[in-house]
Amino acid sequence: MGGIDRDGKARLSNIMGIHKALRIVFREPQRAYAWIKAPNAAFGNRTALDIMLGGELTDLMRVRRYLDAERGAW
């Protein structure tokens, strides 16, 4: 039984970071779900979900960076 490879760990880390940022930016889960599915000018009027489903690690990183900037990352 194998563990998670480096790419899988990076993807998981970014997904967890996106989830955390959404919980900080949006107090109500319904608003976070709506944001994920709404067109966004920052993503060329595509949804964050469309970007995340692009298949590349950099797609997840792009959404995470956007949310981190919105919430004031650190």
# chains A, B, ... in the order shown; residues from 1 in each chain; ligands from 1
>>> select_by_dssp(residues="chain A", states="strand (DSSP E)", output="list in words")
Pro39, Asn40, Arg46 and Thr47 of chain A
>>> residues_around(residues="region 39-43 of chain A", least_positions_apart="3", cutoff="12 Å", atoms="only C-alpha atoms", output="list in words")
Ala34, Trp35, Ile36, Arg46, Thr47, Ala48, Leu49, Asp50, Ile51, Met52, Asp59, Arg62, Val63, Arg65, Tyr66, Leu67 and Glu70 of chain A
>>> write_last_selection(atoms="N, CA, C and O atoms", output="PDB file, in the first residue's frame")
ATOM      1  N   ALA A  34     -21.934  29.249  -3.211  1.00  0.00           N
ATOM      2  CA  ALA A  34     -22.375  30.108  -4.312  1.00  0.00           C
ATOM      3  C   ALA A  34     -21.171  30.779  -4.975  1.00  0.00           C
ATOM      4  O   ALA A  34     -21.113  30.883  -6.209  1.00  0.00           O
ATOM      5  N   TRP A  35     -20.203  31.237  -4.182  1.00  0.00           N
ATOM      6  CA  TRP A  35     -19.015  31.893  -4.741  1.00  0.00           C
ATOM      7  C   TRP A  35     -18.248  30.947  -5.645  1.00  0.00           C
ATOM      8  O   TRP A  35     -17.810  31.329  -6.729  1.00  0.00           O
ATOM      9  N   ILE A  36     -18.064  29.715  -5.220  1.00  0.00           N
ATOM     10  CA  ILE A  36     -17.320  28.715  -5.999  1.00  0.00           C
ATOM     11  C   ILE A  36     -17.942  28.534  -7.384  1.00  0.00           C
ATOM     12  O   ILE A  36     -17.236  28.313  -8.361  1.00  0.00           O
ATOM     13  N   ARG A  46     -14.816  32.990 -15.556  1.00  0.00           N
ATOM     14  CA  ARG A  46     -15.042  31.568 -15.284  1.00  0.00           C
ATOM     15  C   ARG A  46     -15.262  31.425 -13.783  1.00  0.00           C
ATOM     16  O   ARG A  46     -14.960  32.327 -13.010  1.00  0.00           O
ATOM     17  N   THR A  47     -15.785  30.297 -13.367  1.00  0.00           N
ATOM     18  CA  THR A  47     -15.996  30.080 -11.940  1.00  0.00           C
ATOM     19  C   THR A  47     -14.726  29.529 -11.308  1.00  0.00           C
ATOM     20  O   THR A  47     -13.866  28.952 -11.991  1.00  0.00           O
ATOM     21  N   ALA A  48     -14.622  29.689  -9.989  1.00  0.00           N
ATOM     22  CA  ALA A  48     -13.486  29.105  -9.272  1.00  0.00           C
ATOM     23  C   ALA A  48     -13.494  27.584  -9.440  1.00  0.00           C
ATOM     24  O   ALA A  48     -12.433  26.965  -9.582  1.00  0.00           O
ATOM     25  N   LEU A  49     -14.672  26.997  -9.468  1.00  0.00           N
ATOM     26  CA  LEU A  49     -14.769  25.554  -9.661  1.00  0.00           C
ATOM     27  C   LEU A  49     -14.219  25.147 -11.022  1.00  0.00           C
ATOM     28  O   LEU A  49     -13.484  24.166 -11.133  1.00  0.00           O
ATOM     29  N   ASP A  50     -14.547  25.908 -12.058  1.00  0.00           N
ATOM     30  CA  ASP A  50     -14.001  25.632 -13.397  1.00  0.00           C
ATOM     31  C   ASP A  50     -12.474  25.659 -13.369  1.00  0.00           C
ATOM     32  O   ASP A  50     -11.820  24.801 -13.956  1.00  0.00           O
ATOM     33  N   ILE A  51     -11.919  26.653 -12.696  1.00  0.00           N
ATOM     34  CA  ILE A  51     -10.463  26.777 -12.604  1.00  0.00           C
ATOM     35  C   ILE A  51      -9.885  25.576 -11.866  1.00  0.00           C
ATOM     36  O   ILE A  51      -8.934  24.944 -12.328  1.00  0.00           O
ATOM     37  N   MET A  52     -10.468  25.234 -10.725  1.00  0.00           N
ATOM     38  CA  MET A  52      -9.947  24.126  -9.912  1.00  0.00           C
ATOM     39  C   MET A  52     -10.025  22.794 -10.637  1.00  0.00           C
ATOM     40  O   MET A  52      -9.195  21.912 -10.423  1.00  0.00           O
ATOM     41  N   ASP A  59      -3.690  25.339 -11.132  1.00  0.00           N
ATOM     42  CA  ASP A  59      -5.080  25.801 -11.119  1.00  0.00           C
ATOM     43  C   ASP A  59      -5.568  25.929  -9.670  1.00  0.00           C
ATOM     44  O   ASP A  59      -6.200  26.922  -9.309  1.00  0.00           O
ATOM     45  N   ARG A  62      -3.866  28.874  -8.007  1.00  0.00           N
ATOM     46  CA  ARG A  62      -4.413  30.164  -8.450  1.00  0.00           C
ATOM     47  C   ARG A  62      -5.619  30.562  -7.606  1.00  0.00           C
ATOM     48  O   ARG A  62      -5.727  31.704  -7.152  1.00  0.00           O
ATOM     49  N   VAL A  63      -6.526  29.620  -7.383  1.00  0.00           N
ATOM     50  CA  VAL A  63      -7.714  29.911  -6.571  1.00  0.00           C
ATOM     51  C   VAL A  63      -7.308  30.164  -5.127  1.00  0.00           C
ATOM     52  O   VAL A  63      -7.803  31.092  -4.483  1.00  0.00           O
ATOM     53  N   ARG A  65      -4.419  31.326  -3.968  1.00  0.00           N
ATOM     54  CA  ARG A  65      -3.773  32.646  -3.860  1.00  0.00           C
ATOM     55  C   ARG A  65      -4.806  33.760  -3.880  1.00  0.00           C
ATOM     56  O   ARG A  65      -4.704  34.736  -3.126  1.00  0.00           O
ATOM     57  N   TYR A  66      -5.806  33.640  -4.745  1.00  0.00           N
ATOM     58  CA  TYR A  66      -6.853  34.652  -4.825  1.00  0.00           C
ATOM     59  C   TYR A  66      -7.571  34.768  -3.479  1.00  0.00           C
ATOM     60  O   TYR A  66      -7.746  35.877  -2.954  1.00  0.00           O
ATOM     61  N   LEU A  67      -7.978  33.643  -2.925  1.00  0.00           N
ATOM     62  CA  LEU A  67      -8.698  33.663  -1.650  1.00  0.00           C
ATOM     63  C   LEU A  67      -7.814  34.144  -0.504  1.00  0.00           C
ATOM     64  O   LEU A  67      -8.276  34.881   0.382  1.00  0.00           O
ATOM     65  N   GLU A  70      -7.793  37.787  -0.643  1.00  0.00           N
ATOM     66  CA  GLU A  70      -9.078  38.342  -0.218  1.00  0.00           C
ATOM     67  C   GLU A  70      -9.218  38.350   1.314  1.00  0.00           C
ATOM     68  O   GLU A  70      -9.783  39.259   1.883  1.00  0.00           O
TER      69      GLU A  70
END
>>> atom_distance(atom1="CA of Leu12 (chain A)", atom2="CA of Glu56 (chain A)")
12.6 Å
>>> closest_residue(among="A:Ile18, A:Ala32, A:Ala38, A:Val25", to="Arg64 (chain A)", atoms="only C-alpha atoms")
A:Ile18
>>> select_by_dssp(residues="chain A", states="helix (DSSP H, G or I)", output="MDAnalysis selection string")
chainID A and resid 6:25 29:37 41:43 48:52 57:71
>>> write_last_selection(atoms="N, CA and C atoms", output="short mmCIF file (atom, residue, chain, number, x, y, z; two decimals), in the first residue's frame")
data_model
loop_
_atom_site.label_atom_id
_atom_site.label_comp_id
_atom_site.auth_asym_id
_atom_site.auth_seq_id
_atom_site.Cartn_x
_atom_site.Cartn_y
_atom_site.Cartn_z
N ARG A 6 4.16 13.33 -3.81
CA ARG A 6 4.38 14.77 -3.61
C ARG A 6 3.29 15.61 -4.27
N ASP A 7 2.91 15.25 -5.50
CA ASP A 7 1.87 15.99 -6.21
C ASP A 7 0.54 15.90 -5.46
N GLY A 8 0.21 14.70 -5.01
CA GLY A 8 -1.04 14.52 -4.26
C GLY A 8 -1.05 15.34 -2.98
N LYS A 9 0.09 15.38 -2.29
CA LYS A 9 0.18 16.17 -1.06
C LYS A 9 0.01 17.66 -1.35
N ALA A 10 0.61 18.12 -2.43
CA ALA A 10 0.49 19.53 -2.80
C ALA A 10 -0.96 19.87 -3.15
N ARG A 11 -1.62 18.97 -3.87
CA ARG A 11 -3.03 19.21 -4.24
C ARG A 11 -3.90 19.23 -2.99
N LEU A 12 -3.69 18.28 -2.11
CA LEU A 12 -4.46 18.21 -0.88
C LEU A 12 -4.25 19.46 -0.02
N SER A 13 -3.01 19.90 0.07
CA SER A 13 -2.70 21.11 0.84
C SER A 13 -3.43 22.32 0.28
N ASN A 14 -3.44 22.45 -1.04
CA ASN A 14 -4.13 23.59 -1.66
C ASN A 14 -5.64 23.50 -1.47
N ILE A 15 -6.20 22.33 -1.58
CA ILE A 15 -7.65 22.17 -1.37
C ILE A 15 -8.02 22.53 0.07
N MET A 16 -7.20 22.08 1.00
CA MET A 16 -7.46 22.41 2.41
C MET A 16 -7.32 23.91 2.65
N GLY A 17 -6.33 24.53 2.00
CA GLY A 17 -6.17 25.98 2.11
C GLY A 17 -7.35 26.74 1.52
N ILE A 18 -7.87 26.26 0.41
CA ILE A 18 -9.06 26.88 -0.20
C ILE A 18 -10.24 26.76 0.74
N HIS A 19 -10.43 25.60 1.31
CA HIS A 19 -11.53 25.38 2.25
C HIS A 19 -11.42 26.31 3.45
N LYS A 20 -10.23 26.41 4.02
CA LYS A 20 -10.02 27.28 5.18
C LYS A 20 -10.32 28.73 4.83
N ALA A 21 -9.80 29.18 3.69
CA ALA A 21 -10.03 30.57 3.28
C ALA A 21 -11.51 30.85 3.05
N LEU A 22 -12.21 29.90 2.44
CA LEU A 22 -13.65 30.09 2.21
C LEU A 22 -14.39 30.21 3.54
N ARG A 23 -13.99 29.44 4.53
CA ARG A 23 -14.65 29.51 5.84
C ARG A 23 -14.38 30.84 6.53
N ILE A 24 -13.23 31.43 6.25
CA ILE A 24 -12.90 32.74 6.85
C ILE A 24 -13.61 33.86 6.11
N VAL A 25 -13.58 33.82 4.78
CA VAL A 25 -14.17 34.89 3.97
C VAL A 25 -15.69 34.88 4.05
N PRO A 29 -21.90 28.86 5.00
CA PRO A 29 -21.46 27.92 3.96
C PRO A 29 -22.16 28.12 2.62
N GLN A 30 -23.43 28.50 2.63
CA GLN A 30 -24.17 28.68 1.38
C GLN A 30 -23.52 29.75 0.50
N ARG A 31 -23.00 30.80 1.13
CA ARG A 31 -22.34 31.86 0.36
C ARG A 31 -21.04 31.37 -0.26
N ALA A 32 -20.32 30.53 0.47
CA ALA A 32 -19.08 29.97 -0.07
C ALA A 32 -19.38 29.07 -1.26
N TYR A 33 -20.41 28.23 -1.14
CA TYR A 33 -20.79 27.35 -2.24
C TYR A 33 -21.22 28.17 -3.46
N ALA A 34 -21.93 29.25 -3.21
CA ALA A 34 -22.37 30.11 -4.31
C ALA A 34 -21.17 30.78 -4.98
N TRP A 35 -20.20 31.24 -4.18
CA TRP A 35 -19.01 31.89 -4.74
C TRP A 35 -18.25 30.95 -5.65
N ILE A 36 -18.06 29.71 -5.22
CA ILE A 36 -17.32 28.72 -6.00
C ILE A 36 -17.94 28.53 -7.38
N LYS A 37 -19.27 28.67 -7.47
CA LYS A 37 -19.99 28.39 -8.72
C LYS A 37 -20.34 29.65 -9.52
N ALA A 41 -14.67 37.78 -12.42
CA ALA A 41 -13.84 38.55 -13.35
C ALA A 41 -12.35 38.22 -13.18
N ALA A 42 -11.94 37.91 -11.96
CA ALA A 42 -10.53 37.59 -11.70
C ALA A 42 -10.10 36.30 -12.42
N PHE A 43 -11.06 35.48 -12.78
CA PHE A 43 -10.78 34.23 -13.48
C PHE A 43 -11.30 34.27 -14.92
N ALA A 48 -14.62 29.69 -9.99
CA ALA A 48 -13.49 29.11 -9.27
C ALA A 48 -13.49 27.58 -9.44
N LEU A 49 -14.67 27.00 -9.47
CA LEU A 49 -14.77 25.55 -9.66
C LEU A 49 -14.22 25.15 -11.02
N ASP A 50 -14.55 25.91 -12.06
CA ASP A 50 -14.00 25.63 -13.40
C ASP A 50 -12.47 25.66 -13.37
N ILE A 51 -11.92 26.65 -12.70
CA ILE A 51 -10.46 26.78 -12.60
C ILE A 51 -9.88 25.58 -11.87
N MET A 52 -10.47 25.23 -10.72
CA MET A 52 -9.95 24.13 -9.91
C MET A 52 -10.02 22.79 -10.64
N LEU A 57 -2.00 21.42 -10.94
CA LEU A 57 -1.76 21.91 -9.58
C LEU A 57 -1.81 23.43 -9.54
N THR A 58 -1.30 24.06 -10.59
CA THR A 58 -1.30 25.53 -10.63
C THR A 58 -2.72 26.10 -10.66
N ASP A 59 -3.69 25.34 -11.13
CA ASP A 59 -5.08 25.80 -11.12
C ASP A 59 -5.57 25.93 -9.67
N LEU A 60 -5.28 24.93 -8.86
CA LEU A 60 -5.64 24.99 -7.44
C LEU A 60 -4.91 26.12 -6.75
N MET A 61 -3.64 26.28 -7.07
CA MET A 61 -2.84 27.34 -6.46
C MET A 61 -3.38 28.72 -6.81
N ARG A 62 -3.87 28.87 -8.01
CA ARG A 62 -4.41 30.16 -8.45
C ARG A 62 -5.62 30.56 -7.61
N VAL A 63 -6.53 29.62 -7.38
CA VAL A 63 -7.71 29.91 -6.57
C VAL A 63 -7.31 30.16 -5.13
N ARG A 64 -6.38 29.37 -4.62
CA ARG A 64 -5.94 29.56 -3.23
C ARG A 64 -5.29 30.93 -3.05
N ARG A 65 -4.42 31.33 -3.97
CA ARG A 65 -3.77 32.65 -3.86
C ARG A 65 -4.81 33.76 -3.88
N TYR A 66 -5.81 33.64 -4.75
CA TYR A 66 -6.85 34.65 -4.82
C TYR A 66 -7.57 34.77 -3.48
N LEU A 67 -7.98 33.64 -2.93
CA LEU A 67 -8.70 33.66 -1.65
C LEU A 67 -7.81 34.14 -0.50
N ASP A 68 -6.56 33.74 -0.51
CA ASP A 68 -5.65 34.20 0.53
C ASP A 68 -5.52 35.72 0.49
N ALA A 69 -5.46 36.27 -0.71
CA ALA A 69 -5.36 37.74 -0.84
C ALA A 69 -6.65 38.40 -0.36
N GLU A 70 -7.79 37.79 -0.64
CA GLU A 70 -9.08 38.34 -0.22
C GLU A 70 -9.22 38.35 1.31
N ARG A 71 -8.71 37.34 1.95
CA ARG A 71 -8.86 37.24 3.40
C ARG A 71 -7.74 37.91 4.16
#
